[in-house]
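Input: a single structure, listed below in structure tokens.
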Amino acid sequence: MIAKLKGLVDSVGDDWAVIDVAGVGYRVFCSSRTLTALPSAGEAVSLWIETHVREDHIHLDGFGSVAEKDAFQFVTKVQGVGTKVALAILSVLSPDQMAQAIAAQDKTAFTRASGVGPKLAARIVTELKDKVG
């Protein structure tokens, strides 16, 4: 399992970056928050990685901090929240903002994320309200 990548930023897309690690380019899907914090192409970067192995591919999600990775793992435990939706949530809410929104039962904060409607937002705050510390 890949847990961390340290290398050079090769290129950046809408929801991904390619990180060159010793000549091997890894495509890593990231929140827009992480993507905007990346240095310019050719500069050094270190990302925390969540590896998803599926029958037909290996998928890497990257995070600029452990807190962001933990928030991703936390919210993906909710039924209906996959990796894309979790990254969309982290694009509009920092890990602290996400925890505050859950504690305050603020469904509207989650609906700002692409792919999160009122029903899913309600499920997120309901299922995670007792688990946020």
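A note on labels: chains of the structure tokens are A, B, ... as shown, every chain counts residues from 1, and ligands are counted from 1 in their shown order.
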Discussion item. Report as a PyMOL selection string all protein, DNA and RNA residues lying within 6 Å of Val9 of chain A, evaluated on only C-alpha atoms, omitting residues in the same chain fewer than 3 positions from it.
Written reply: chain A and resi 19+41-43
Output file for the selection above: all heavy atoms, as a compact mmCIF listing (two decimals), in the first residue's frame:
```txt
# COMPACT_ATOMS: atom_id res chain seq x y z
N ILE A 19 2.74 13.20 -9.72
CA ILE A 19 3.93 13.38 -8.89
C ILE A 19 5.00 12.43 -9.42
O ILE A 19 4.79 11.22 -9.49
CB ILE A 19 3.65 13.07 -7.40
CG1 ILE A 19 2.42 13.84 -6.91
CG2 ILE A 19 4.88 13.36 -6.55
CD1 ILE A 19 2.50 15.34 -7.02
N ALA A 41 5.24 23.29 -11.08
CA ALA A 41 5.81 22.11 -11.74
C ALA A 41 7.32 22.12 -11.60
O ALA A 41 7.96 23.17 -11.74
CB ALA A 41 5.41 22.08 -13.20
N GLY A 42 7.88 20.95 -11.30
CA GLY A 42 9.32 20.80 -11.14
C GLY A 42 9.80 20.99 -9.72
O GLY A 42 10.96 20.74 -9.42
N GLU A 43 8.92 21.45 -8.85
CA GLU A 43 9.31 21.67 -7.45
C GLU A 43 8.95 20.46 -6.59
O GLU A 43 8.06 19.69 -6.92
CB GLU A 43 8.65 22.94 -6.92
CG GLU A 43 9.17 24.19 -7.60
CD GLU A 43 8.62 25.46 -6.96
OE1 GLU A 43 8.35 25.45 -5.74
OE2 GLU A 43 8.45 26.44 -7.69
```
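Using only C-alpha atoms, the protein and nucleic acid residues lying no more than 8 Å from segment 103-117 of chain A, apart from those fewer than 2 places from it along its own chain, are Val85, Ala88, Ile89, Ser91, Val92, Leu93, Ala99, Gln100, Ala101, Lys119, Leu120, Ala121, Ala122, Val125, Thr126, Lys129 and Val132 of chain A.
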Worksheet entry | Backbone DSSP call of helix (DSSP H, G or I) for chain A, listed as an NGL selection string | :A and (32-37 or 66-75 or 83-92 or 95-103 or 107-111 or 118-128)
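Distance-wise, atom CA of Ala67 of chain A and atom CA of Pro39 of chain A end up 19.5 Å apart.
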Worksheet entry | Test item: residues at most 12 Å from His52 of chain A, only C-alpha atoms, excluding those fewer than 5 positions along its chain, as a VMD selection string | chain A and resid 1 to 3 28 to 29 57 to 62 73 82 to 83
How would the residues just picked look written out with all heavy atoms as a short mmCIF file (atom, residue, chain, number, x, y, z; two decimals), in the first residue's frame?
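That gives us selection24.cif:
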```cif
data_model
loop_
_atom_site.label_atom_id
_atom_site.label_comp_id
_atom_site.auth_asym_id
_atom_site.auth_seq_id
_atom_site.Cartn_x
_atom_site.Cartn_y
_atom_site.Cartn_z
N MET A 1 0.83 -1.18 0.00
CA MET A 1 0.00 0.00 0.00
C MET A 1 0.88 1.24 0.00
O MET A 1 1.86 1.31 0.73
CB MET A 1 -0.90 -0.01 1.25
CG MET A 1 -1.74 1.23 1.36
SD MET A 1 -3.00 1.10 2.60
CE MET A 1 -2.12 1.71 4.00
N ILE A 2 0.54 2.19 -0.82
CA ILE A 2 1.28 3.45 -0.88
C ILE A 2 0.68 4.38 0.18
O ILE A 2 -0.52 4.64 0.18
CB ILE A 2 1.18 4.08 -2.28
CG1 ILE A 2 1.80 3.12 -3.31
CG2 ILE A 2 1.85 5.44 -2.32
CD1 ILE A 2 1.55 3.52 -4.75
N ALA A 3 1.51 4.89 1.08
CA ALA A 3 1.03 5.75 2.16
C ALA A 3 1.50 7.19 2.01
O ALA A 3 0.88 8.11 2.54
CB ALA A 3 1.50 5.21 3.50
N VAL A 28 -2.41 11.29 -8.83
CA VAL A 28 -3.00 11.36 -7.51
C VAL A 28 -4.20 12.31 -7.56
O VAL A 28 -4.08 13.45 -8.00
CB VAL A 28 -1.97 11.89 -6.48
CG1 VAL A 28 -2.57 11.95 -5.09
CG2 VAL A 28 -0.71 11.04 -6.49
N PHE A 29 -5.37 11.83 -7.14
CA PHE A 29 -6.57 12.66 -7.09
C PHE A 29 -6.57 13.44 -5.78
O PHE A 29 -6.27 12.87 -4.73
CB PHE A 29 -7.82 11.80 -7.24
CG PHE A 29 -7.91 11.16 -8.59
CD1 PHE A 29 -7.39 9.89 -8.80
CD2 PHE A 29 -8.45 11.84 -9.66
CE1 PHE A 29 -7.43 9.30 -10.05
CE2 PHE A 29 -8.50 11.26 -10.92
CZ PHE A 29 -7.99 9.99 -11.12
N HIS A 57 -8.37 -1.41 -11.25
CA HIS A 57 -7.37 -0.35 -11.17
C HIS A 57 -6.95 -0.06 -9.74
O HIS A 57 -7.58 -0.50 -8.79
CB HIS A 57 -7.89 0.94 -11.82
CG HIS A 57 -8.97 1.62 -11.05
ND1 HIS A 57 -10.28 1.22 -11.08
CD2 HIS A 57 -8.91 2.68 -10.20
CE1 HIS A 57 -10.99 2.00 -10.30
NE2 HIS A 57 -10.20 2.89 -9.74
N ILE A 58 -5.86 0.69 -9.62
CA ILE A 58 -5.41 1.20 -8.33
C ILE A 58 -5.61 2.71 -8.38
O ILE A 58 -5.24 3.37 -9.35
CB ILE A 58 -3.93 0.86 -8.07
CG1 ILE A 58 -3.76 -0.66 -7.99
CG2 ILE A 58 -3.43 1.53 -6.80
CD1 ILE A 58 -2.31 -1.11 -7.89
N HIS A 59 -6.19 3.25 -7.34
CA HIS A 59 -6.59 4.66 -7.30
C HIS A 59 -5.88 5.30 -6.11
O HIS A 59 -5.94 4.79 -4.99
CB HIS A 59 -8.11 4.69 -7.11
CG HIS A 59 -8.73 6.01 -7.19
ND1 HIS A 59 -9.25 6.52 -8.34
CD2 HIS A 59 -8.96 6.94 -6.23
CE1 HIS A 59 -9.77 7.70 -8.10
NE2 HIS A 59 -9.60 7.98 -6.82
N LEU A 60 -5.19 6.44 -6.33
CA LEU A 60 -4.49 7.13 -5.26
C LEU A 60 -5.16 8.47 -4.99
O LEU A 60 -5.40 9.25 -5.92
CB LEU A 60 -3.02 7.37 -5.64
CG LEU A 60 -2.19 6.15 -6.01
CD1 LEU A 60 -0.79 6.57 -6.43
CD2 LEU A 60 -2.13 5.18 -4.85
N ASP A 61 -5.45 8.75 -3.73
CA ASP A 61 -5.96 10.05 -3.31
C ASP A 61 -4.88 10.69 -2.46
O ASP A 61 -4.30 10.04 -1.58
CB ASP A 61 -7.25 9.90 -2.50
CG ASP A 61 -8.38 9.34 -3.35
OD1 ASP A 61 -8.68 9.93 -4.40
OD2 ASP A 61 -8.95 8.30 -2.97
N GLY A 62 -4.59 11.97 -2.73
CA GLY A 62 -3.50 12.65 -2.04
C GLY A 62 -3.97 13.80 -1.17
O GLY A 62 -4.95 14.48 -1.49
N GLN A 73 -10.96 9.89 5.47
CA GLN A 73 -11.28 8.54 5.94
C GLN A 73 -12.54 8.55 6.80
O GLN A 73 -13.35 7.63 6.74
CB GLN A 73 -10.11 7.96 6.73
CG GLN A 73 -8.91 7.66 5.87
CD GLN A 73 -7.68 7.28 6.68
OE1 GLN A 73 -7.50 7.73 7.81
NE2 GLN A 73 -6.83 6.45 6.09
N GLY A 82 -18.38 8.40 -1.53
CA GLY A 82 -17.22 7.75 -2.11
C GLY A 82 -16.04 8.70 -2.12
O GLY A 82 -16.10 9.80 -1.57
N THR A 83 -15.00 8.29 -2.80
CA THR A 83 -13.78 9.09 -2.81
C THR A 83 -13.98 10.44 -3.49
O THR A 83 -13.48 11.45 -3.01
CB THR A 83 -12.62 8.33 -3.46
OG1 THR A 83 -12.96 7.98 -4.80
CG2 THR A 83 -12.28 7.07 -2.68
#
```
Practice prompt. Write out as an NGL selection string all residues of chain A that DSSP puts in strand (DSSP E or B) for this structure's backbone.
Written response: :A and (4-12 or 16-21 or 24-30 or 44-53 or 58-63)
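Ranking A:Leu35, A:Ile102, A:Cys30, A:Ala44 by their shortest atom-to-atom distance to Ala86 of chain A, with only C-alpha atoms included, puts A:Cys30 first.
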Item to complete: Determine, counting only C-alpha atoms, which protein, DNA and RNA residues have an atom within 12 Å of an atom of Gly25 of chain A; residues of the same chain fewer than 3 positions away are not included. Present the result as JSON, numbers by chain.
Response: {"A": [5, 6, 7, 8, 9, 10, 11, 12, 17, 18, 19, 20, 21, 22, 28, 60]}
Fill in: Point-to-point distance in Å for atom CA of Thr36 of chain A and atom CA of Ile49 of chain A
17.0 Å
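Closest approach to Val78 of chain A among A:Arg54, A:Lys4, A:Lys131, A:Arg123 is made by A:Arg123 (distances from only C-alpha atoms).
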